[in-house]
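Asker: Attaching a single structure in structure tokens format; questions to follow.
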Amino acid sequence: CPRWQLVDEGGNQCRGPEGGTKCSVACPGSMFAVGGAMGSMARALMGFIPSGIQRRLKQAVRDGRLRDGSADAGKFVRRAGYLREMLSLADAMVAPSNYVRDIFIENGFDAAKIHVIPHGIALPECMPVTHSDKVRFGYIGSFAPLKGVGMLVDAFSNLGTGAELHIHGHGGENHDLIVGRLMERAAGKAVFFHGRYERESLGGLLAGLDAVVVPSMWPETFGIVVREALSCGVPVIVSDCGALPEAVRDGIDGMVFANGDADILSQKMRAFMECPELIKIYSLSIHQVKSIKEHAREIVAIYEDLTK
């Protein structure tokens, strides 16, 4: 995917480039990926454009607000062909989820070569859970639009009293503007923005949450935040987008809701509020999360098998 998200310019999820032909129809404005007169000029000027402006230009292209009608559609096809040729040289391919495996199979790759091995993670140093008379929902990550933070705030705003939403992360150079707009959407509800967090503080951060919400609206290939929360015994609520549902056993150690549906997400969150005992029940049902060391052993086994 030239846009790397498998979401086209119209915001629709995509199942692959179809040899590049689909890209030229669904994402003709991706000039930074495929060129064209405007894209060539942009690349030539990149060394002179401040990084902040570069990011805004690229975002404008991804949003479809800036287009290049002279882009060469054939470059999409050549790009897809080149990547297919390079991957075909591999004796084995590793996918971090069934979702990723299925996408590659749909796009013509050999299923027999693909090994599904979920990532191991750097396990946080978990701390004893703190207690509160309110159900504390948390969001951890970036404020990119397709991460679904705005939709989460809308869903939380539909809840009554008895809950808090703690948002950990940063919106980059437009952080203050993004937070301001989110606060407007929160309509005076108990939404708290904590800003950036350090990796070392993750365990303490999770100890202050009862459930973590991962509302991504683009197809995640794995879901590290989900595993980080689960590793510290914190249940999660995830969208049914991409690989996220693979990380959660719906109704056992977490919940899954329909992607982009704020009303359904509100219902899932309200279930924790109406029955706080679910939090402990789900927490006790969480399986052990894989470490990086365990992941490495699985990768080594593939190399050993191939060399035999």
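Please note that chains go A, B, ... in the order of the structure tokens, that every chain numbers its residues from 1, and that ligands are numbered from 1 in the order shown.
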Tell me, as a ChimeraX atom specification, which residues lie within 12 Å of Gly160 of chain A, counting only C-alpha atoms; anything in the same chain fewer than 5 positions away does not count.
Answerer: /A:134-135,155,188-190,266-267,269-270,273-274
Asker: Got a sec to tell me which of segment 90-298 of chain A DSSP assigns to alpha helix (DSSP H), as an NGL selection string?
Answerer: :A and (98-106 or 149-157 or 175-186 or 202-207 or 224-231 or 262-274 or 277-284 or 292-298)
Asker: Mind listing the strand (DSSP E or B) residues of segment 106-272 of chain A, per DSSP on the backbone, as a PyMOL selection string?
Answerer: chain A and resi 114-116+121+135-140+163-168+191-195+211-214+236-239+250+254-257
Asker: Tell me which protein, DNA and RNA residues are within 7 Å of segment 195-206 of chain A, counting only C-alpha atoms, leaving out same-chain ones fewer than 2 positions away, and put them as an NGL selection string.
Answerer: :A and (124-127 or 168-170 or 193 or 208-209 or 229)
Asker: So that I can check the surroundings of Leu244 of chain A, please list as a ChimeraX atom specification every protein, DNA and RNA residue that reaches within 10 Å of it, counting only C-alpha atoms and ignoring chain neighbours fewer than 5 positions away.
Answerer: /A:97,99,214-216,219-224,226,237-239,256
Asker: Next, the residues of the selection above should be written as a PDB file, in the first residue's frame with N, CA and C atoms.
Answerer:
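Result went into part01.pdb, see below:
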ATOM      1  N   SER A  97      -0.030 -11.618  12.165  1.00  0.00           N
ATOM      2  CA  SER A  97      -1.435 -11.912  12.455  1.00  0.00           C
ATOM      3  C   SER A  97      -2.051 -12.651  11.278  1.00  0.00           C
ATOM      4  N   TYR A  99      -4.764 -11.761   9.953  1.00  0.00           N
ATOM      5  CA  TYR A  99      -5.244 -10.708   9.051  1.00  0.00           C
ATOM      6  C   TYR A  99      -4.198 -10.389   7.988  1.00  0.00           C
ATOM      7  N   VAL A 214      -9.034   0.478  22.483  1.00  0.00           N
ATOM      8  CA  VAL A 214      -8.237   0.637  21.261  1.00  0.00           C
ATOM      9  C   VAL A 214      -9.230   0.734  20.101  1.00  0.00           C
ATOM     10  N   PRO A 215      -9.628   1.972  19.738  1.00  0.00           N
ATOM     11  CA  PRO A 215     -10.728   2.170  18.784  1.00  0.00           C
ATOM     12  C   PRO A 215     -10.283   2.401  17.344  1.00  0.00           C
ATOM     13  N   SER A 216      -9.141   1.845  16.943  1.00  0.00           N
ATOM     14  CA  SER A 216      -8.582   2.115  15.620  1.00  0.00           C
ATOM     15  C   SER A 216      -9.601   1.918  14.513  1.00  0.00           C
ATOM     16  N   PRO A 219      -7.044  -0.721   9.600  1.00  0.00           N
ATOM     17  CA  PRO A 219      -6.744  -2.113   9.920  1.00  0.00           C
ATOM     18  C   PRO A 219      -5.347  -2.307  10.510  1.00  0.00           C
ATOM     19  N   GLU A 220      -5.279  -2.338  11.813  1.00  0.00           N
ATOM     20  CA  GLU A 220      -4.007  -2.584  12.494  1.00  0.00           C
ATOM     21  C   GLU A 220      -3.499  -3.973  12.112  1.00  0.00           C
ATOM     22  N   THR A 221      -2.190  -4.100  11.977  1.00  0.00           N
ATOM     23  CA  THR A 221      -1.618  -5.390  11.609  1.00  0.00           C
ATOM     24  C   THR A 221      -1.346  -6.277  12.814  1.00  0.00           C
ATOM     25  N   PHE A 222      -1.361  -5.689  14.027  1.00  0.00           N
ATOM     26  CA  PHE A 222      -1.068  -6.483  15.216  1.00  0.00           C
ATOM     27  C   PHE A 222      -1.790  -5.930  16.448  1.00  0.00           C
ATOM     28  N   GLY A 223      -1.261  -4.872  17.052  1.00  0.00           N
ATOM     29  CA  GLY A 223      -1.879  -4.287  18.243  1.00  0.00           C
ATOM     30  C   GLY A 223      -1.008  -4.417  19.478  1.00  0.00           C
ATOM     31  N   ILE A 224       0.059  -3.613  19.544  1.00  0.00           N
ATOM     32  CA  ILE A 224       0.988  -3.693  20.676  1.00  0.00           C
ATOM     33  C   ILE A 224       0.341  -3.186  21.958  1.00  0.00           C
ATOM     34  N   VAL A 226      -2.666  -3.252  22.897  1.00  0.00           N
ATOM     35  CA  VAL A 226      -3.582  -4.266  23.425  1.00  0.00           C
ATOM     36  C   VAL A 226      -2.809  -5.254  24.296  1.00  0.00           C
ATOM     37  N   ILE A 237     -11.034  -3.114  25.223  1.00  0.00           N
ATOM     38  CA  ILE A 237     -12.151  -3.035  24.285  1.00  0.00           C
ATOM     39  C   ILE A 237     -11.558  -2.609  22.953  1.00  0.00           C
ATOM     40  N   VAL A 238     -11.726  -3.416  21.908  1.00  0.00           N
ATOM     41  CA  VAL A 238     -11.098  -3.125  20.616  1.00  0.00           C
ATOM     42  C   VAL A 238     -12.134  -3.090  19.504  1.00  0.00           C
ATOM     43  N   SER A 239     -11.818  -2.357  18.434  1.00  0.00           N
ATOM     44  CA  SER A 239     -12.668  -2.367  17.252  1.00  0.00           C
ATOM     45  C   SER A 239     -12.419  -3.663  16.487  1.00  0.00           C
ATOM     46  N   VAL A 256     -15.206  -6.702  21.886  1.00  0.00           N
ATOM     47  CA  VAL A 256     -14.997  -6.253  20.509  1.00  0.00           C
ATOM     48  C   VAL A 256     -16.241  -5.491  20.069  1.00  0.00           C
TER      49      VAL A 256
END
Asker: Report, in Å with one decimal, the straight-line distance from atom CA of Phe272 of chain A to atom CA of Val153 of chain A.
Answerer: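 It comes out at 16.6 Å.
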Asker: Figure out the distance between atom CA of Ile302 of chain A and atom CA of Gly108 of chain A, please, to one decimal in Å.
Answerer: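 Atom CA of Ile302 of chain A lies at a distance of 22.1 Å from atom CA of Gly108 of chain A.
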Asker: Set the distance at 10 Å and use only C-alpha atoms: which residues neighbour Gly260 of chain A once local chain neighbours fewer than 5 positions away are removed? I'd like the list as a PyMOL selection string.
Answerer: chain A and resi 146+148+151-152+215-218+239-241+265
Asker: Take the residues just selected and output them with C-alpha atoms as an mmCIF file, in the first residue's frame.
Answerer:
data_model
loop_
_atom_site.group_PDB
_atom_site.id
_atom_site.type_symbol
_atom_site.label_atom_id
_atom_site.label_comp_id
_atom_site.auth_asym_id
_atom_site.auth_seq_id
_atom_site.Cartn_x
_atom_site.Cartn_y
_atom_site.Cartn_z
ATOM 1 C CA LEU A 146 -7.713 6.956 12.013
ATOM 2 C CA GLY A 148 -10.289 6.736 16.507
ATOM 3 C CA MET A 151 -14.900 8.583 18.074
ATOM 4 C CA LEU A 152 -13.887 7.310 21.533
ATOM 5 C CA PRO A 215 -10.728 2.170 18.784
ATOM 6 C CA SER A 216 -8.582 2.115 15.620
ATOM 7 C CA MET A 217 -10.494 2.797 12.425
ATOM 8 C CA TRP A 218 -7.729 1.577 10.130
ATOM 9 C CA SER A 239 -12.668 -2.367 17.252
ATOM 10 C CA ASP A 240 -13.233 -5.286 14.891
ATOM 11 C CA CYS A 241 -10.736 -3.775 12.474
ATOM 12 C CA LEU A 265 -18.710 1.312 21.862
#
Asker: Pick out the residues sitting within 10 Å of Val7 of chain A, and hand them over as a list in words; count only C-alpha atoms, and ignore anything fewer than 2 positions along from it in its own chain.
Answerer: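 Once the adjacent positions are removed, what remains is Cys1, Arg3, Trp4, Gln5, Glu9, Gly10, Gly11, Asn12, Gln13, Cys14, Arg15, Gly16, Ala26, Cys27, Arg62, Leu146, Met217, Trp218 and Pro219 of chain A.
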Asker: Write out, as a short mmCIF file (atom, residue, chain, number, x, y, z; two decimals), in the first residue's frame, the residues just selected, with all heavy atoms.
Answerer:
data_model
loop_
_atom_site.label_atom_id
_atom_site.label_comp_id
_atom_site.auth_asym_id
_atom_site.auth_seq_id
_atom_site.Cartn_x
_atom_site.Cartn_y
_atom_site.Cartn_z
N CYS A 1 0.85 -1.19 0.00
CA CYS A 1 0.00 0.00 0.00
C CYS A 1 0.89 1.25 0.00
O CYS A 1 1.65 1.46 0.94
CB CYS A 1 -0.90 0.00 1.24
SG CYS A 1 -1.85 1.53 1.44
N ARG A 3 0.09 4.15 0.62
CA ARG A 3 -0.30 5.01 1.74
C ARG A 3 -0.04 4.32 3.07
O ARG A 3 -0.34 4.88 4.11
CB ARG A 3 -1.79 5.37 1.62
CG ARG A 3 -2.09 6.30 0.46
CD ARG A 3 -3.59 6.26 0.09
NE ARG A 3 -4.45 6.54 1.24
CZ ARG A 3 -4.77 7.76 1.67
NH1 ARG A 3 -4.28 8.82 1.06
NH2 ARG A 3 -5.57 7.92 2.70
N TRP A 4 0.41 3.08 3.04
CA TRP A 4 0.80 2.21 4.15
C TRP A 4 -0.31 1.86 5.13
O TRP A 4 -0.12 1.06 6.04
CB TRP A 4 2.02 2.75 4.91
CG TRP A 4 1.87 4.07 5.64
CD1 TRP A 4 2.18 5.30 5.15
CD2 TRP A 4 1.40 4.27 6.96
NE1 TRP A 4 1.91 6.27 6.08
CE2 TRP A 4 1.45 5.67 7.22
CE3 TRP A 4 0.94 3.44 7.98
CZ2 TRP A 4 1.05 6.23 8.42
CZ3 TRP A 4 0.55 4.01 9.20
CH2 TRP A 4 0.61 5.37 9.40
N GLN A 5 -1.53 2.38 4.94
CA GLN A 5 -2.59 2.13 5.90
C GLN A 5 -3.69 1.20 5.39
O GLN A 5 -4.57 0.81 6.15
CB GLN A 5 -3.26 3.46 6.31
CG GLN A 5 -2.36 4.35 7.12
CD GLN A 5 -3.04 5.67 7.45
OE1 GLN A 5 -3.75 6.23 6.61
NE2 GLN A 5 -2.85 6.16 8.66
N GLU A 9 -8.25 7.08 -0.29
CA GLU A 9 -8.45 8.51 -0.08
C GLU A 9 -9.86 8.85 0.38
O GLU A 9 -10.09 9.90 0.97
CB GLU A 9 -8.13 9.26 -1.38
CG GLU A 9 -6.65 9.30 -1.70
CD GLU A 9 -6.37 10.04 -2.99
OE1 GLU A 9 -7.32 10.52 -3.63
OE2 GLU A 9 -5.19 10.14 -3.36
N GLY A 10 -10.81 7.95 0.14
CA GLY A 10 -12.18 8.18 0.59
C GLY A 10 -12.44 7.69 1.99
O GLY A 10 -13.57 7.78 2.49
N GLY A 11 -11.39 7.15 2.64
CA GLY A 11 -11.54 6.64 4.00
C GLY A 11 -12.04 5.21 4.07
O GLY A 11 -12.37 4.71 5.15
N ASN A 12 -12.10 4.53 2.92
CA ASN A 12 -12.59 3.15 2.88
C ASN A 12 -11.45 2.16 3.07
O ASN A 12 -10.35 2.36 2.53
CB ASN A 12 -13.27 2.87 1.53
CG ASN A 12 -14.35 3.88 1.22
OD1 ASN A 12 -15.31 4.03 1.96
ND2 ASN A 12 -14.18 4.62 0.11
N GLN A 13 -11.72 1.08 3.80
CA GLN A 13 -10.70 0.06 3.97
C GLN A 13 -10.46 -0.66 2.65
O GLN A 13 -11.36 -0.83 1.84
CB GLN A 13 -11.13 -0.95 5.03
CG GLN A 13 -11.09 -0.39 6.44
CD GLN A 13 -11.31 -1.46 7.48
OE1 GLN A 13 -10.76 -2.55 7.39
NE2 GLN A 13 -12.11 -1.15 8.49
N CYS A 14 -9.21 -1.06 2.45
CA CYS A 14 -8.79 -1.66 1.19
C CYS A 14 -8.20 -3.04 1.47
O CYS A 14 -7.62 -3.27 2.53
CB CYS A 14 -7.75 -0.75 0.54
SG CYS A 14 -7.09 -1.38 -1.02
N ARG A 15 -8.35 -3.95 0.53
CA ARG A 15 -7.81 -5.30 0.69
C ARG A 15 -6.56 -5.52 -0.15
O ARG A 15 -6.14 -6.66 -0.37
CB ARG A 15 -8.86 -6.33 0.32
CG ARG A 15 -10.10 -6.32 1.18
CD ARG A 15 -9.83 -6.70 2.61
NE ARG A 15 -9.45 -8.10 2.77
CZ ARG A 15 -9.28 -8.70 3.95
NH1 ARG A 15 -9.46 -8.00 5.06
NH2 ARG A 15 -8.93 -9.95 4.03
N GLY A 16 -5.94 -4.45 -0.61
CA GLY A 16 -4.70 -4.61 -1.37
C GLY A 16 -4.73 -3.88 -2.69
O GLY A 16 -5.79 -3.45 -3.17
N ALA A 26 -8.34 4.46 -6.70
CA ALA A 26 -8.79 4.83 -5.36
C ALA A 26 -7.93 5.90 -4.70
O ALA A 26 -8.39 6.60 -3.81
CB ALA A 26 -8.83 3.59 -4.46
N CYS A 27 -6.67 6.00 -5.12
CA CYS A 27 -5.74 6.95 -4.48
C CYS A 27 -4.93 7.73 -5.50
O CYS A 27 -3.69 7.77 -5.43
CB CYS A 27 -4.81 6.20 -3.53
SG CYS A 27 -5.64 5.27 -2.24
N ARG A 62 -2.78 12.75 1.78
CA ARG A 62 -3.50 11.58 2.28
C ARG A 62 -4.98 11.88 2.46
O ARG A 62 -5.83 11.01 2.24
CB ARG A 62 -2.89 11.11 3.60
CG ARG A 62 -1.53 10.44 3.45
CD ARG A 62 -1.14 9.73 4.73
NE ARG A 62 -0.78 10.67 5.79
CZ ARG A 62 0.44 11.13 6.01
NH1 ARG A 62 1.43 10.73 5.22
NH2 ARG A 62 0.70 11.96 7.00
N LEU A 146 -7.24 8.32 12.18
CA LEU A 146 -7.71 6.96 12.01
C LEU A 146 -7.47 6.08 13.24
O LEU A 146 -7.88 4.91 13.26
CB LEU A 146 -7.06 6.32 10.78
CG LEU A 146 -7.56 6.86 9.44
CD1 LEU A 146 -6.79 6.24 8.28
CD2 LEU A 146 -9.05 6.60 9.26
N MET A 217 -9.58 2.85 13.56
CA MET A 217 -10.49 2.80 12.42
C MET A 217 -9.76 2.38 11.15
O MET A 217 -10.36 2.32 10.08
CB MET A 217 -11.16 4.16 12.25
CG MET A 217 -11.94 4.58 13.50
SD MET A 217 -12.50 6.30 13.49
CE MET A 217 -13.78 6.21 12.24
N TRP A 218 -8.47 2.13 11.26
CA TRP A 218 -7.73 1.58 10.13
C TRP A 218 -7.25 0.19 10.55
O TRP A 218 -7.10 -0.09 11.74
CB TRP A 218 -6.56 2.47 9.72
CG TRP A 218 -5.38 2.50 10.63
CD1 TRP A 218 -5.25 3.15 11.82
CD2 TRP A 218 -4.12 1.84 10.42
NE1 TRP A 218 -4.02 2.95 12.37
CE2 TRP A 218 -3.29 2.14 11.54
CE3 TRP A 218 -3.62 1.02 9.41
CZ2 TRP A 218 -2.00 1.67 11.65
CZ3 TRP A 218 -2.31 0.54 9.53
CH2 TRP A 218 -1.53 0.87 10.64
N PRO A 219 -7.04 -0.72 9.60
CA PRO A 219 -6.74 -2.11 9.92
C PRO A 219 -5.35 -2.31 10.51
O PRO A 219 -4.36 -2.45 9.78
CB PRO A 219 -6.89 -2.84 8.58
CG PRO A 219 -6.65 -1.78 7.55
CD PRO A 219 -7.18 -0.51 8.13
#
Asker: Please compute the atom CA of Arg84 of chain A-atom CA of Glu106 of chain A distance, one decimal, in Å.
Answerer: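 Here the two named atoms are 12.9 Å from each other.
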Asker: Quick one: of A:His287, A:Ala207, A:Ile252, A:Gly242, who's nearest to Arg227 of chain A, counting only C-alpha atoms?
Answerer: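 Under the stated criterion, the closest residue is A:His287.
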Asker: With a distance cut-off of 12 Å and only C-alpha atoms, select the neighbouring residues of segment 280-285 of chain A, excluding the residue or stretch itself and same-chain residues fewer than 2 positions from it, and output the selection as a ChimeraX atom specification.
Answerer: /A:129,131,135,209-212,229-237,248-255,272,275-278,287-288
Asker: Ranking A:Val225, A:Leu159, A:Ala92, A:Ala187 by minimum distance to Ala111 of chain A and counting only C-alpha atoms, which one comes first?
Answerer: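 Checking each of A:Val225, A:Leu159, A:Ala92, A:Ala187 against Ala111 of chain A, counting only C-alpha atoms, the winner is A:Ala92.
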Asker: From the set A:Phe257, A:Phe109, A:Phe192, A:Phe104, which residue has the shortest atom-to-atom contact distance to Tyr139 of chain A, counting only C-alpha atoms?
Answerer: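 Of A:Phe257, A:Phe109, A:Phe192, A:Phe104, the one nearest Tyr139 of chain A, counting only C-alpha atoms, is A:Phe192.
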